[in-house]
$ cat my_file_9.pdb   # PDB, C-alpha atoms, pLDDT in the B column
ATOM      1  CA  MET X   1       0.000   0.000   0.000  1.00 50.00           C
ATOM      2  CA  MET X   2       1.433   3.345  -1.058  1.00 62.00           C
ATOM      3  CA  ASN X   3       1.274   6.348   1.244  1.00 86.00           C
ATOM      4  CA  ILE X   4       1.649  10.000   0.307  1.00 90.00           C
ATOM      5  CA  THR X   5       4.915  10.396   2.248  1.00 89.00           C
ATOM      6  CA  SER X   6       6.538   7.664   0.138  1.00 88.00           C
ATOM      7  CA  VAL X   7       5.325   9.340  -3.051  1.00 90.00           C
ATOM      8  CA  ILE X   8       6.690  12.727  -1.939  1.00 91.00           C
ATOM      9  CA  ALA X   9      10.064  11.206  -0.903  1.00 90.00           C
ATOM     10  CA  GLY X  10      10.327   9.432  -4.263  1.00 87.00           C
ATOM     11  CA  ALA X  11       9.398  12.589  -6.181  1.00 88.00           C
ATOM     12  CA  VAL X  12      11.839  14.849  -4.327  1.00 89.00           C
ATOM     13  CA  THR X  13      14.725  12.400  -4.638  1.00 86.00           C
ATOM     14  CA  GLY X  14      13.788  11.842  -8.306  1.00 82.00           C
ATOM     15  CA  VAL X  15      14.151  15.559  -9.018  1.00 84.00           C
ATOM     16  CA  LEU X  16      17.502  15.597  -7.220  1.00 83.00           C
ATOM     17  CA  SER X  17      18.611  12.536  -9.207  1.00 77.00           C
ATOM     18  CA  GLY X  18      17.730  14.334 -12.425  1.00 73.00           C
ATOM     19  CA  PHE X  19      20.072  17.126 -11.433  1.00 77.00           C
ATOM     20  CA  GLY X  20      22.825  14.603 -10.611  1.00 72.00           C
ATOM     21  CA  ILE X  21      22.770  15.309  -6.878  1.00 77.00           C
ATOM     22  CA  GLY X  22      22.465  11.724  -5.665  1.00 77.00           C
ATOM     23  CA  GLY X  23      18.785  11.333  -4.929  1.00 79.00           C
ATOM     24  CA  GLY X  24      19.247   7.585  -4.534  1.00 82.00           C
ATOM     25  CA  THR X  25      21.510   8.125  -1.547  1.00 84.00           C
ATOM     26  CA  LEU X  26      18.941  10.426   0.020  1.00 86.00           C
ATOM     27  CA  LEU X  27      16.221   7.885  -0.711  1.00 89.00           C
ATOM     28  CA  MET X  28      18.293   5.225   1.088  1.00 89.00           C
ATOM     29  CA  ILE X  29      18.515   7.447   4.165  1.00 88.00           C
ATOM     30  CA  TRP X  30      14.778   8.125   4.084  1.00 89.00           C
ATOM     31  CA  MET X  31      13.889   4.450   3.692  1.00 92.00           C
ATOM     32  CA  THR X  32      16.194   3.163   6.432  1.00 90.00           C
ATOM     33  CA  GLN X  33      15.765   5.967   8.984  1.00 90.00           C
ATOM     34  CA  PHE X  34      12.185   7.150   8.517  1.00 90.00           C
ATOM     35  CA  ALA X  35      10.288   4.381   6.698  1.00 91.00           C
ATOM     36  CA  ASN X  36      11.827   1.598   8.850  1.00 91.00           C
ATOM     37  CA  ILE X  37      12.893  -0.481   5.851  1.00 92.00           C
ATOM     38  CA  SER X  38      15.867  -2.804   6.335  1.00 89.00           C
ATOM     39  CA  GLN X  39      19.137  -1.840   4.671  1.00 85.00           C
ATOM     40  CA  THR X  40      19.131  -4.793   2.275  1.00 85.00           C
ATOM     41  CA  ILE X  41      15.522  -4.220   1.156  1.00 91.00           C
ATOM     42  CA  ALA X  42      16.219  -0.479   0.772  1.00 90.00           C
ATOM     43  CA  GLN X  43      19.220  -1.283  -1.427  1.00 86.00           C
ATOM     44  CA  GLY X  44      17.048  -3.428  -3.688  1.00 89.00           C
ATOM     45  CA  ILE X  45      14.384  -0.731  -3.910  1.00 91.00           C
ATOM     46  CA  ASN X  46      17.082   1.834  -4.638  1.00 89.00           C
ATOM     47  CA  LEU X  47      18.363  -0.279  -7.529  1.00 86.00           C
ATOM     48  CA  LEU X  48      14.862  -0.452  -9.022  1.00 90.00           C
ATOM     49  CA  TYR X  49      14.428   3.292  -8.426  1.00 86.00           C
ATOM     50  CA  PHE X  50      17.651   3.973 -10.310  1.00 85.00           C
ATOM     51  CA  ILE X  51      16.445   2.418 -13.575  1.00 88.00           C
ATOM     52  CA  PRO X  52      13.718   4.954 -14.497  1.00 88.00           C
ATOM     53  CA  THR X  53      15.456   7.976 -12.957  1.00 82.00           C
ATOM     54  CA  SER X  54      18.756   7.309 -14.690  1.00 83.00           C
ATOM     55  CA  THR X  55      17.022   6.520 -17.977  1.00 89.00           C
ATOM     56  CA  ALA X  56      15.146   9.832 -17.926  1.00 87.00           C
ATOM     57  CA  SER X  57      18.325  11.735 -17.061  1.00 84.00           C
ATOM     58  CA  LEU X  58      20.329   9.903 -19.710  1.00 89.00           C
ATOM     59  CA  ILE X  59      17.810  10.772 -22.412  1.00 93.00           C
ATOM     60  CA  ALA X  60      17.868  14.456 -21.423  1.00 91.00           C
ATOM     61  CA  HIS X  61      21.674  14.552 -21.318  1.00 90.00           C
ATOM     62  CA  PHE X  62      21.960  12.843 -24.727  1.00 92.00           C
ATOM     63  CA  LYS X  63      19.447  15.285 -26.182  1.00 96.00           C
ATOM     64  CA  ASN X  64      21.495  18.236 -24.892  1.00 95.00           C
ATOM     65  CA  LYS X  65      24.802  16.667 -26.023  1.00 94.00           C
ATOM     66  CA  PHE X  66      26.217  16.561 -22.484  1.00 94.00           C
ATOM     67  CA  ILE X  67      27.715  13.055 -22.807  1.00 94.00           C
ATOM     68  CA  ASP X  68      31.184  12.287 -24.120  1.00 95.00           C
ATOM     69  CA  LEU X  69      30.929   8.638 -25.197  1.00 94.00           C
ATOM     70  CA  ARG X  70      34.732   8.179 -25.273  1.00 95.00           C
ATOM     71  CA  THR X  71      34.713   8.818 -21.536  1.00 95.00           C
ATOM     72  CA  ALA X  72      31.315   7.357 -20.665  1.00 93.00           C
ATOM     73  CA  ILE X  73      31.734   3.889 -22.204  1.00 95.00           C
ATOM     74  CA  PRO X  74      34.907   2.878 -20.306  1.00 96.00           C
ATOM     75  CA  ALA X  75      33.517   4.412 -17.103  1.00 95.00           C
ATOM     76  CA  ALA X  76      30.263   2.469 -17.506  1.00 92.00           C
ATOM     77  CA  ALA X  77      32.148  -0.770 -18.179  1.00 95.00           C
ATOM     78  CA  GLY X  78      34.248  -0.292 -15.043  1.00 96.00           C
ATOM     79  CA  GLY X  79      31.110   0.549 -13.093  1.00 93.00           C
ATOM     80  CA  VAL X  80      29.331  -2.624 -14.190  1.00 93.00           C
ATOM     81  CA  ILE X  81      32.279  -4.800 -13.182  1.00 96.00           C
ATOM     82  CA  THR X  82      32.815  -3.203  -9.775  1.00 95.00           C
ATOM     83  CA  THR X  83      29.081  -2.977  -9.045  1.00 88.00           C
ATOM     84  CA  THR X  84      28.707  -6.691  -9.693  1.00 92.00           C
ATOM     85  CA  ALA X  85      31.567  -7.507  -7.329  1.00 94.00           C
ATOM     86  CA  ALA X  86      30.419  -5.034  -4.657  1.00 88.00           C
ATOM     87  CA  SER X  87      26.831  -6.317  -4.798  1.00 85.00           C
ATOM     88  CA  TRP X  88      28.008  -9.861  -4.263  1.00 88.00           C
ATOM     89  CA  PHE X  89      30.188  -8.719  -1.351  1.00 88.00           C
ATOM     90  CA  ALA X  90      27.451  -6.550   0.221  1.00 82.00           C
ATOM     91  CA  THR X  91      24.970  -9.429   0.351  1.00 84.00           C
ATOM     92  CA  SER X  92      27.426 -11.394   2.479  1.00 87.00           C
ATOM     93  CA  LEU X  93      27.823  -8.625   5.084  1.00 86.00           C
ATOM     94  CA  ASP X  94      25.916  -8.309   8.331  1.00 89.00           C
ATOM     95  CA  VAL X  95      23.293  -5.544   8.064  1.00 84.00           C
ATOM     96  CA  SER X  96      24.615  -3.617  11.086  1.00 89.00           C
ATOM     97  CA  LEU X  97      28.127  -3.581   9.599  1.00 91.00           C
ATOM     98  CA  MET X  98      26.724  -2.479   6.234  1.00 85.00           C
ATOM     99  CA  LYS X  99      24.914   0.434   7.928  1.00 85.00           C
ATOM    100  CA  LYS X 100      28.160   1.524   9.583  1.00 91.00           C
ATOM    101  CA  ILE X 101      30.071   1.351   6.298  1.00 90.00           C
ATOM    102  CA  PHE X 102      27.345   3.331   4.508  1.00 86.00           C
ATOM    103  CA  GLY X 103      27.244   5.911   7.315  1.00 90.00           C
ATOM    104  CA  GLY X 104      31.033   6.272   7.220  1.00 94.00           C
ATOM    105  CA  PHE X 105      30.892   6.736   3.465  1.00 91.00           C
ATOM    106  CA  LEU X 106      28.278   9.487   3.789  1.00 89.00           C
ATOM    107  CA  ILE X 107      30.321  11.264   6.455  1.00 94.00           C
ATOM    108  CA  ALA X 108      33.496  11.044   4.359  1.00 95.00           C
ATOM    109  CA  VAL X 109      31.726  12.437   1.276  1.00 90.00           C
ATOM    110  CA  GLY X 110      30.143  15.192   3.370  1.00 90.00           C
ATOM    111  CA  VAL X 111      33.493  16.240   4.865  1.00 93.00           C
ATOM    112  CA  TYR X 112      35.114  16.148   1.434  1.00 92.00           C
ATOM    113  CA  GLU X 113      32.373  18.313  -0.070  1.00 88.00           C
ATOM    114  CA  LEU X 114      32.553  20.728   2.861  1.00 90.00           C
ATOM    115  CA  PHE X 115      36.287  21.354   2.496  1.00 91.00           C
ATOM    116  CA  ARG X 116      36.975  20.912  -1.217  1.00 88.00           C
ATOM    117  CA  LYS X 117      38.117  23.907  -3.183  1.00 83.00           C
ATOM    118  CA  VAL X 118      35.864  24.916  -6.046  1.00 80.00           C
ATOM    119  CA  HIS X 119      37.679  26.400  -9.035  1.00 71.00           C
TER     120      HIS X 119
END

$ encode --input "my_file_9.pdb" --output "structure tokens"
Amino acid sequence: MMNITSVIAGAVTGVLSGFGIGGGTLLMIWMTQFANISQTIAQGINLLYFIPTSTASLIAHFKNKFIDLRTAIPAAAGGVITTTAASWFATSLDVSLMKKIFGGFLIAVGVYELFRKVH
């Protein structure tokens, strides 16, 4: 059963994803902290969420000629390989450890973004 809060969270994070801000990460936080969804289920939902949001963004970026295929193709290939390996590894981890790793990652990215120099 769908509730309005879930629809709003999905819509807001979808808009952020379209701008390349990382709406999927924010959706993960919402699902695990506020919707009481387990980390592993939230990861699966996030993967399904990524398909339509990334497809819509990809179409818009292709239309506006914002994609350099000579860079994108090798990056995508590397991403597929490492995502496959990381997914296999993540399913073998204890959920509490996975939450700590994810939290540490978010803190590290936040600190980096806070102190990086913008040119």

$ resolve_selection --input "my_file_9.pdb" --expression "the PyMOL selection byres ((chain X and resi 36-41) around 10)" --output "CSV table (one decimal) with C-alpha atoms, in the frame of the given file"
chain,number,residue,atom,x,y,z
X,28,MET,CA,18.3,5.2,1.1
X,29,ILE,CA,18.5,7.4,4.2
X,30,TRP,CA,14.8,8.1,4.1
X,31,MET,CA,13.9,4.4,3.7
X,32,THR,CA,16.2,3.2,6.4
X,33,GLN,CA,15.8,6.0,9.0
X,34,PHE,CA,12.2,7.2,8.5
X,35,ALA,CA,10.3,4.4,6.7
X,42,ALA,CA,16.2,-0.5,0.8
X,43,GLN,CA,19.2,-1.3,-1.4
X,44,GLY,CA,17.0,-3.4,-3.7
X,45,ILE,CA,14.4,-0.7,-3.9
X,46,ASN,CA,17.1,1.8,-4.6
X,47,LEU,CA,18.4,-0.3,-7.5
X,90,ALA,CA,27.5,-6.6,0.2
X,91,THR,CA,25.0,-9.4,0.4
X,93,LEU,CA,27.8,-8.6,5.1
X,94,ASP,CA,25.9,-8.3,8.3
X,95,VAL,CA,23.3,-5.5,8.1
X,96,SER,CA,24.6,-3.6,11.1
X,98,MET,CA,26.7,-2.5,6.2
X,99,LYS,CA,24.9,0.4,7.9
X,102,PHE,CA,27.3,3.3,4.5

$ atom_distance --input "my_file_9.pdb" --atom1 "atom CA of Thr71 of chain X" --atom2 "atom CA of Leu26 of chain X"
26.8 Å

$ resolve_selection --input "my_file_9.pdb" --expression "the PyMOL selection byres ((chain X and resi 13) around 7)" --output "PyMOL selection string"
chain X and resi 9-12+14-17+23-24+26-27

$ atom_distance --input "my_file_9.pdb" --atom1 "atom CA of Ala72 of chain X" --atom2 "atom CA of Gly103 of chain X"
28.3 Å

$ closest_residue --input "my_file_9.pdb" --among "X:Val109, X:Val118, X:Ile21, X:Ala77" --to "Ser54 of chain X" --atoms "only C-alpha atoms"
X:Ile21

$ atom_distance --input "my_file_9.pdb" --atom1 "atom CA of Ile8 of chain X" --atom2 "atom CA of Tyr49 of chain X"
13.8 Å

$ closest_residue --input "my_file_9.pdb" --among "X:Asn64, X:Asn3, X:Thr55, X:Thr84" --to "Gly18 of chain X" --atoms "all atoms listed in the file"
X:Thr55

$ build_atoms --input "my_file_9.pdb" --residues "segment 60-79 of chain X" --atoms "N, CA, C and O atoms" --output "CSV table (one decimal), in the coordinates of the input"
chain,number,residue,atom,x,y,z
X,60,ALA,N,17.7,13.0,-21.4
X,60,ALA,CA,17.9,14.5,-21.4
X,60,ALA,C,19.3,14.9,-21.7
X,60,ALA,O,19.5,15.8,-22.5
X,61,HIS,N,20.3,14.2,-21.1
X,61,HIS,CA,21.7,14.6,-21.3
X,61,HIS,C,22.1,14.2,-22.7
X,61,HIS,O,22.9,15.0,-23.3
X,62,PHE,N,21.7,13.1,-23.3
X,62,PHE,CA,22.0,12.8,-24.7
X,62,PHE,C,21.4,13.9,-25.6
X,62,PHE,O,22.0,14.4,-26.6
X,63,LYS,N,20.1,14.3,-25.4
X,63,LYS,CA,19.4,15.3,-26.2
X,63,LYS,C,20.2,16.6,-26.2
X,63,LYS,O,20.3,17.3,-27.2
X,64,ASN,N,20.8,17.0,-25.0
X,64,ASN,CA,21.5,18.2,-24.9
X,64,ASN,C,23.0,18.1,-25.2
X,64,ASN,O,23.7,19.0,-24.9
X,65,LYS,N,23.4,16.9,-25.7
X,65,LYS,CA,24.8,16.7,-26.0
X,65,LYS,C,25.8,16.9,-24.9
X,65,LYS,O,26.8,17.5,-25.0
X,66,PHE,N,25.4,16.4,-23.7
X,66,PHE,CA,26.2,16.6,-22.5
X,66,PHE,C,27.0,15.3,-22.2
X,66,PHE,O,27.6,15.2,-21.1
X,67,ILE,N,27.0,14.3,-23.1
X,67,ILE,CA,27.7,13.1,-22.8
X,67,ILE,C,28.8,12.8,-23.8
X,67,ILE,O,28.6,12.9,-25.0
X,68,ASP,N,30.0,12.6,-23.3
X,68,ASP,CA,31.2,12.3,-24.1
X,68,ASP,C,31.3,10.8,-24.1
X,68,ASP,O,31.8,10.2,-23.1
X,69,LEU,N,30.9,10.1,-25.2
X,69,LEU,CA,30.9,8.6,-25.2
X,69,LEU,C,32.3,8.0,-25.0
X,69,LEU,O,32.4,6.9,-24.5
X,70,ARG,N,33.4,8.7,-25.5
X,70,ARG,CA,34.7,8.2,-25.3
X,70,ARG,C,35.1,8.1,-23.8
X,70,ARG,O,35.9,7.3,-23.4
X,71,THR,N,34.5,8.9,-23.0
X,71,THR,CA,34.7,8.8,-21.5
X,71,THR,C,33.7,7.9,-20.9
X,71,THR,O,34.0,7.1,-20.0
X,72,ALA,N,32.4,8.0,-21.3
X,72,ALA,CA,31.3,7.4,-20.7
X,72,ALA,C,31.4,5.8,-20.8
X,72,ALA,O,31.1,5.1,-19.8
X,73,ILE,N,31.8,5.3,-22.0
X,73,ILE,CA,31.7,3.9,-22.2
X,73,ILE,C,32.7,3.2,-21.3
X,73,ILE,O,32.4,2.2,-20.6
X,74,PRO,N,34.0,3.6,-21.2
X,74,PRO,CA,34.9,2.9,-20.3
X,74,PRO,C,34.5,3.0,-18.8
X,74,PRO,O,34.6,2.1,-18.1
X,75,ALA,N,34.0,4.2,-18.5
X,75,ALA,CA,33.5,4.4,-17.1
X,75,ALA,C,32.3,3.5,-16.8
X,75,ALA,O,32.3,2.9,-15.7
X,76,ALA,N,31.4,3.3,-17.7
X,76,ALA,CA,30.3,2.5,-17.5
X,76,ALA,C,30.7,1.0,-17.4
X,76,ALA,O,30.2,0.3,-16.6
X,77,ALA,N,31.6,0.6,-18.2
X,77,ALA,CA,32.1,-0.8,-18.2
X,77,ALA,C,32.8,-1.0,-16.8
X,77,ALA,O,32.5,-2.1,-16.2
X,78,GLY,N,33.6,-0.1,-16.4
X,78,GLY,CA,34.2,-0.3,-15.0
X,78,GLY,C,33.2,-0.3,-13.9
X,78,GLY,O,33.3,-1.1,-13.0
X,79,GLY,N,32.2,0.5,-14.1
X,79,GLY,CA,31.1,0.5,-13.1
X,79,GLY,C,30.3,-0.8,-13.0
X,79,GLY,O,30.0,-1.2,-11.9
